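J.: Next up, work.cif (mmCIF, C-alpha atoms).
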data_final
loop_
_atom_site.label_atom_id
_atom_site.label_comp_id
_atom_site.auth_asym_id
_atom_site.auth_seq_id
_atom_site.Cartn_x
_atom_site.Cartn_y
_atom_site.Cartn_z
CA ASP A 1 18.79 3.37 17.26
CA GLY A 2 19.19 4.51 20.85
CA ALA A 3 22.51 6.31 20.53
CA GLN A 4 20.94 9.71 21.22
CA ALA A 5 18.34 8.48 23.75
CA VAL A 6 20.33 6.52 26.33
CA PRO A 7 22.41 9.55 27.46
CA HIS A 8 19.19 11.39 28.33
CA GLY A 9 17.38 9.00 30.61
CA PRO A 10 16.36 5.41 31.33
CA VAL A 11 15.17 3.26 28.44
CA ASP A 12 12.79 0.31 28.91
CA VAL A 13 13.19 -1.95 25.90
CA GLN A 14 10.40 -4.21 27.16
CA ALA A 15 7.93 -1.32 27.22
CA LEU A 16 9.05 -0.22 23.75
CA ASP A 17 8.45 -3.77 22.48
CA ILE A 18 11.15 -3.47 19.83
CA ASP A 19 13.14 -6.20 18.12
CA PHE A 20 16.59 -4.63 18.46
CA TYR A 21 18.11 -1.68 20.29
CA ALA A 22 21.64 -0.36 19.91
CA PHE A 23 23.69 2.43 21.45
CA SER A 24 27.32 3.46 21.62
CA GLY A 25 29.44 3.85 24.72
CA HIS A 26 31.01 7.21 24.07
CA LYS A 27 27.67 9.02 23.76
CA CYS A 28 26.72 8.02 27.30
CA TYR A 29 29.97 9.11 28.96
CA GLY A 30 31.74 5.78 28.47
CA PRO A 31 34.79 4.75 26.41
CA THR A 32 35.02 4.69 22.64
CA GLY A 33 35.12 1.44 20.71
CA VAL A 34 32.32 -0.28 22.60
CA GLY A 35 28.54 -0.34 22.52
CA VAL A 36 25.47 -2.43 23.19
CA LEU A 37 23.21 -4.41 20.88
CA TRP A 38 20.11 -5.74 22.60
CA GLY A 39 17.77 -8.05 20.75
CA LYS A 40 14.84 -10.33 21.38
CA SER A 41 16.00 -13.93 21.72
CA GLU A 42 13.71 -15.07 18.92
CA TRP A 43 15.55 -12.80 16.47
CA LEU A 44 19.05 -13.27 17.85
CA GLU A 45 18.64 -17.01 17.34
CA GLN A 46 17.99 -16.42 13.63
CA LEU A 47 21.01 -14.20 13.02
CA PRO A 48 23.82 -15.91 11.08
CA GLU A 49 27.35 -15.98 12.42
CA PHE A 50 29.06 -12.97 10.83
CA MET A 51 32.50 -13.34 12.42
CA VAL A 52 34.43 -16.36 13.62
CA GLY A 53 36.83 -16.67 16.52
CA GLY A 54 37.37 -18.00 19.99
CA GLY A 55 34.47 -18.20 22.39
CA MET A 56 31.76 -18.94 19.82
CA VAL A 57 32.81 -22.42 18.71
CA GLU A 58 31.41 -25.65 20.11
CA ARG A 59 33.73 -28.03 18.24
CA VAL A 60 36.30 -27.87 15.46
CA THR A 61 37.40 -30.84 13.36
CA VAL A 62 39.34 -31.19 10.13
CA SER A 63 36.05 -31.59 8.31
CA GLY A 64 34.03 -28.76 9.81
CA THR A 65 32.96 -26.57 12.69
CA THR A 66 29.91 -26.37 14.88
CA PHE A 67 29.01 -23.20 16.74
CA LEU A 68 27.40 -22.60 20.09
CA THR A 69 23.65 -22.19 20.01
CA SER A 70 23.53 -19.39 22.57
CA ASN A 71 24.11 -15.71 21.85
CA GLN A 72 27.80 -16.35 22.52
CA ARG A 73 28.08 -17.51 18.92
CA LEU A 74 27.73 -13.84 17.90
CA GLU A 75 30.59 -12.68 20.13
CA ALA A 76 33.73 -14.04 18.51
CA GLY A 77 37.22 -13.37 19.78
CA THR A 78 38.50 -11.39 22.73
CA PRO A 79 36.01 -8.67 23.64
CA PRO A 80 37.09 -5.09 24.43
CA ILE A 81 37.37 -5.91 28.13
CA ALA A 82 38.54 -2.56 29.49
CA GLN A 83 36.02 -0.68 27.36
CA ALA A 84 33.18 -2.94 28.51
CA ILE A 85 34.10 -2.33 32.15
CA GLY A 86 34.19 1.40 31.48
CA LEU A 87 30.80 1.31 29.76
CA GLY A 88 29.34 -0.62 32.68
CA ALA A 89 30.61 2.03 35.08
CA ALA A 90 29.14 4.78 32.90
CA VAL A 91 25.73 3.09 32.84
CA GLU A 92 25.80 2.65 36.63
CA TRP A 93 26.56 6.36 36.97
CA LEU A 94 23.71 7.27 34.60
CA GLU A 95 21.26 5.14 36.55
CA GLN A 96 21.78 7.09 39.77
CA LEU A 97 21.28 10.56 38.25
CA PRO A 98 18.17 12.62 39.18
CA TRP A 99 16.55 12.37 35.76
CA GLY A 100 13.46 14.36 36.66
CA GLU A 101 15.57 17.39 37.53
CA ILE A 102 17.84 16.88 34.53
CA ARG A 103 14.91 16.76 32.09
CA GLU A 104 13.55 20.01 33.51
CA HIS A 105 17.02 21.56 33.14
CA GLU A 106 17.33 20.34 29.55
CA ALA A 107 13.86 21.66 28.71
CA ARG A 108 14.79 25.12 30.01
CA LEU A 109 17.98 25.11 27.96
CA MET A 110 16.13 24.00 24.83
CA ASN A 111 13.62 26.83 25.24
CA GLN A 112 16.46 29.30 25.62
CA LEU A 113 18.33 27.89 22.63
CA PHE A 114 15.32 27.92 20.29
CA ARG A 115 14.55 31.50 21.31
CA ASP A 116 18.13 32.68 20.80
CA LEU A 117 18.60 30.87 17.48
CA ASN A 118 15.75 32.94 16.07
CA THR A 119 18.04 35.98 16.35
CA ILE A 120 20.60 34.53 13.93
CA SER A 121 20.20 35.61 10.32
CA GLY A 122 19.67 32.81 7.81
CA LEU A 123 19.48 30.03 10.40
CA ARG A 124 16.88 27.29 9.94
CA THR A 125 16.26 24.51 12.43
CA ILE A 126 15.70 20.99 11.11
CA GLY A 127 13.17 18.65 12.69
CA SER A 128 10.31 18.95 15.13
CA ASP A 129 9.62 22.01 17.24
CA LEU A 130 9.34 22.21 21.01
CA ASN A 131 5.64 21.28 20.91
CA GLN A 132 6.62 17.68 20.17
CA PRO A 133 8.67 15.27 22.31
CA ARG A 134 12.35 15.46 21.39
CA MET A 135 15.83 14.91 22.73
CA PRO A 136 17.86 17.98 23.81
CA ILE A 137 19.59 18.01 20.44
CA ILE A 138 19.11 20.46 17.62
CA SER A 139 20.19 20.32 13.99
CA PHE A 140 20.27 23.42 11.85
CA ASP A 141 21.70 25.02 8.75
CA ILE A 142 22.69 28.60 8.03
CA GLU A 143 22.14 29.92 4.53
CA GLY A 144 25.45 30.32 2.70
CA CYS A 145 27.50 28.59 5.42
CA HIS A 146 28.90 25.07 5.15
CA PRO A 147 28.50 23.01 8.35
CA HIS A 148 32.23 22.25 8.48
CA ASP A 149 33.03 25.96 8.39
CA ILE A 150 30.46 26.60 11.11
CA CYS A 151 32.09 23.97 13.31
CA HIS A 152 35.57 25.34 12.65
CA ILE A 153 34.65 28.88 13.68
CA ALA A 154 32.62 27.70 16.69
CA ASP A 155 35.62 25.69 17.86
CA GLN A 156 37.63 28.90 18.07
CA TYR A 157 35.06 30.12 20.60
CA GLY A 158 35.27 26.97 22.70
CA VAL A 159 32.08 25.45 21.31
CA ALA A 160 32.07 21.87 20.01
CA LEU A 161 29.55 21.14 17.26
CA ARG A 162 29.09 18.30 14.81
CA GLY A 163 28.76 19.04 11.11
CA GLY A 164 28.02 16.76 8.18
CA HIS A 165 25.63 13.91 7.38
CA HIS A 166 25.59 12.50 10.95
CA CYS A 167 25.70 8.96 9.55
CA ALA A 168 22.27 9.61 8.03
CA GLN A 169 22.76 10.80 4.47
CA PRO A 170 19.43 9.34 3.24
CA LEU A 171 17.72 11.46 5.90
CA MET A 172 19.60 14.53 4.68
CA ASP A 173 18.33 13.79 1.17
CA ALA A 174 14.76 13.36 2.42
CA VAL A 175 14.89 16.65 4.32
CA GLY A 176 16.40 18.36 1.29
CA VAL A 177 19.66 19.58 2.80
CA MET A 178 23.27 18.87 1.85
CA ALA A 179 24.31 18.54 5.50
CA THR A 180 23.50 20.06 8.88
CA THR A 181 25.20 21.29 12.00
CA ARG A 182 24.22 19.66 15.29
CA ALA A 183 24.37 20.97 18.83
CA SER A 184 23.88 18.36 21.55
CA MET A 185 23.26 18.99 25.23
CA ALA A 186 24.47 16.83 28.07
CA VAL A 187 23.79 16.61 31.79
CA PHE A 188 26.53 19.17 32.44
CA THR A 189 25.46 21.72 29.78
CA SER A 190 24.83 25.13 31.33
CA GLN A 191 23.06 28.34 30.40
CA GLU A 192 26.51 29.85 29.83
CA ASP A 193 27.22 27.13 27.25
CA ILE A 194 24.07 28.09 25.34
CA GLU A 195 25.09 31.74 25.41
CA ALA A 196 28.57 30.85 24.12
CA LEU A 197 27.03 28.87 21.26
CA VAL A 198 24.84 31.79 20.21
CA VAL A 199 27.80 34.20 20.32
CA ALA A 200 29.80 31.79 18.15
CA LEU A 201 26.99 31.47 15.61
CA HIS A 202 26.63 35.23 15.31
CA LYS A 203 30.37 35.29 14.56
CA VAL A 204 29.86 32.58 11.93
CA VAL A 205 27.32 34.77 10.14
CA GLU A 206 29.62 37.78 10.40
CA VAL A 207 32.57 35.90 8.89
CA LEU A 208 30.88 33.69 6.29
CA ARG A 209 28.03 35.88 5.09
#
Show the structure stored in the file as structure tokens.
T.:
Amino acid sequence: DGAQAVPHGPVDVQALDIDFYAFSGHKCYGPTGVGVLWGKSEWLEQLPEFMVGGGMVERVTVSGTTFLTSNQRLEAGTPPIAQAIGLGAAVEWLEQLPWGEIREHEARLMNQLFRDLNTISGLRTIGSDLNQPRMPIISFDIEGCHPHDICHIADQYGVALRGGHHCAQPLMDAVGVMATTRASMAVFTSQEDIEALVVALHKVVEVLR
């Protein structure tokens, strides 16, 4: 699952030596409704056709259908053409960014955020600390505060957060939390954005606790 990795730097699927890799367009500054699934040919060839439509059929008769043997057999129907063009443009833009400088910037912001979150009563971060490699994303909970309420109050201060299961409810169960709130950084996140987040979270505690 590369949805949270691709927006933060180049990914070499050959070096990772993985079977499949997927990411969404909207998390890497592209359109919604489009994404990428990369897979090794040996595994793609074994996948069954899961959807039928134009572009993946070799021949149709009254008695049956034969499908193409290439990966095209997995791409039935009209693709999201405009979205694919937009995603391609987003990836080209990502490729020309100065990722060394951006990673240093993100590391500084993460240090600031971890330090400032320690000033918020009842807040607990979920996941690894800064001593381990991690994306510039942080999940947390605040004792006595539902993530949806946290997001609602933060929104009033111009801060966009994500609250809930994050499409990973089994992980929530394993960690032992009902849900979490997530703050994600991007290439344009600034020190002022971090400060605004901390102000909003102090207000959350004031209102909800």
J.: Which of these, A:Ala82, A:Ala3, A:Leu113, A:Leu208, has the shortest distance to Ile194 of chain A once you count all atoms listed in the file?
T.: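 The answer is A:Leu113, which sits nearest to Ile194 of chain A.
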J.: Find the distance between atom CA of Pro80 of chain A and atom CA of Gly33 of chain A and write it in Å to one decimal.
T.: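 The value is 7.8 Å.
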J.: Tell me, as a PDB file with C-alpha atoms, in the coordinates of the input, which residues lie within 12 Å of segment 128-132 of chain A, counting all atoms listed in the file; anything in the same chain fewer than 6 positions away does not count.
T.:
ATOM      1  CA  GLU A 106      17.330  20.340  29.550  1.00  0.00           C
ATOM      2  CA  ALA A 107      13.860  21.660  28.710  1.00  0.00           C
ATOM      3  CA  ARG A 108      14.790  25.120  30.010  1.00  0.00           C
ATOM      4  CA  LEU A 109      17.980  25.110  27.960  1.00  0.00           C
ATOM      5  CA  MET A 110      16.130  24.000  24.830  1.00  0.00           C
ATOM      6  CA  ASN A 111      13.620  26.830  25.240  1.00  0.00           C
ATOM      7  CA  GLN A 112      16.460  29.300  25.620  1.00  0.00           C
ATOM      8  CA  LEU A 113      18.330  27.890  22.630  1.00  0.00           C
ATOM      9  CA  PHE A 114      15.320  27.920  20.290  1.00  0.00           C
ATOM     10  CA  ARG A 115      14.550  31.500  21.310  1.00  0.00           C
ATOM     11  CA  ILE A 138      19.110  20.460  17.620  1.00  0.00           C
ATOM     12  CA  SER A 139      20.190  20.320  13.990  1.00  0.00           C
ATOM     13  CA  PHE A 140      20.270  23.420  11.850  1.00  0.00           C
ATOM     14  CA  VAL A 175      14.890  16.650   4.320  1.00  0.00           C
TER      15      VAL A 175
END
J.: For a cutoff of 12 Å around the file-coordinate point (12.3, -3.1, 19.7), which residues qualify once you count all atoms listed in the file? I'd like the result as JSON, numbers by chain.
T.: {"A": [1, 2, 11, 12, 13, 14, 15, 16, 17, 18, 19, 20, 21, 22, 37, 38, 39, 40, 41, 43]}
J.: Kindly indicate which residue among A:Glu92, A:Asp155, A:Asp173, A:Glu45 lies nearest to Thr69 of chain A, using all atoms listed in the file for the distances.
T.: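 Going through A:Glu92, A:Asp155, A:Asp173, A:Glu45 one by one, the smallest distance to Thr69 of chain A is for A:Glu45.
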J.: Might you pull out every residue within 12 Å of segment 184-188 of chain A, with only C-alpha atoms counted and same-chain residues fewer than 3 positions away left off, and present them as a ChimeraX atom specification?
T.: /A:4-9,27-29,93-94,97-110,113,134-140,159-163,181,191-194,197
J.: Would you translate the PyMOL selection byres ((chain A and resi 121) around 12) into the concrete set of residues it matches in this file, as a list in words?
T.: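 So the PyMOL selection byres ((chain A and resi 121) around 12) ends up selecting Asp116, Leu117, Asn118, Thr119, Ile120, Gly122, Leu123, Arg124, Thr125, Asp141, Ile142, Glu143, Gly144, Cys145, Val198, Leu201, His202, Lys203, Val204, Val205, Glu206, Leu208 and Arg209 of chain A.
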J.: Can you work out which one of A:Ile126, A:Val91, A:Gln96, A:Thr61 has the shortest atom-to-atom distance to Ala174 of chain A, counting all atoms listed in the file?
T.: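 Closest candidate: A:Ile126.
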J.: What does the structure give for the distance between atom CA of Pro147 of chain A and atom CA of Glu195 of chain A, in Å to one decimal?
T.: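 A separation of 19.5 Å between them.
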J.: Just the number, please: distance in Å from atom CA of Gly88 of chain A to atom CA of Gly25 of chain A, one decimal.
T.: 9.1 Å
J.: Hey, which of A:Val177, A:Ala200, A:Ala90, A:Leu68 ends up closest to Ile153 of chain A? Count all atoms listed in the file.
T.: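 Residue with the minimum atom-to-atom distance to Ile153 of chain A: A:Ala200.
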J.: Excluding same-chain residues fewer than 3 positions from Val34 of chain A, what lies within 9 Å of it counting all atoms listed in the file, as a VMD selection string?
T.: chain A and resid 24 to 26 30 to 31 80 83 to 84 87
J.: When the PyMOL selection byres ((chain A and resi 49-58) around 12) is applied to the file above, which residues end up in the set, as a list in words?
T.: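 Output of the PyMOL selection byres ((chain A and resi 49-58) around 12): Leu44, Glu45, Gln46, Leu47, Pro48, Arg59, Val60, Thr61, Gly64, Thr65, Thr66, Phe67, Leu68, Thr69, Ser70, Asn71, Gln72, Arg73, Leu74, Glu75, Ala76, Gly77, Thr78 and Pro79 of chain A.
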J.: What are the centre and edge lengths in Å, to one decimal, of the axis-aligned box around all listed atoms of segment 163-176 of chain A with 5 Å added on each side, as AutoDock Vina command-line options?
T.:
--center_x 21.8 --center_y 14.0 --center_z 6.1 --size_x 24.0 --size_y 20.1 --size_z 19.9
J.: Using only C-alpha atoms for the distances, tell me which of A:Gly164, A:Gly176, A:Gly158, A:Pro133 is nearest to Ala196 of chain A.
T.: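 When distances to Ala196 of chain A are compared using only C-alpha atoms, the smallest one comes from A:Gly158.
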J.: Using only C-alpha atoms, can you tell me which of A:Val36, A:Cys167, A:Val199, A:Ala183 comes closest to Cys151 of chain A?
T.: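 For Cys151 of chain A, the nearest of the candidates is A:Ala183.
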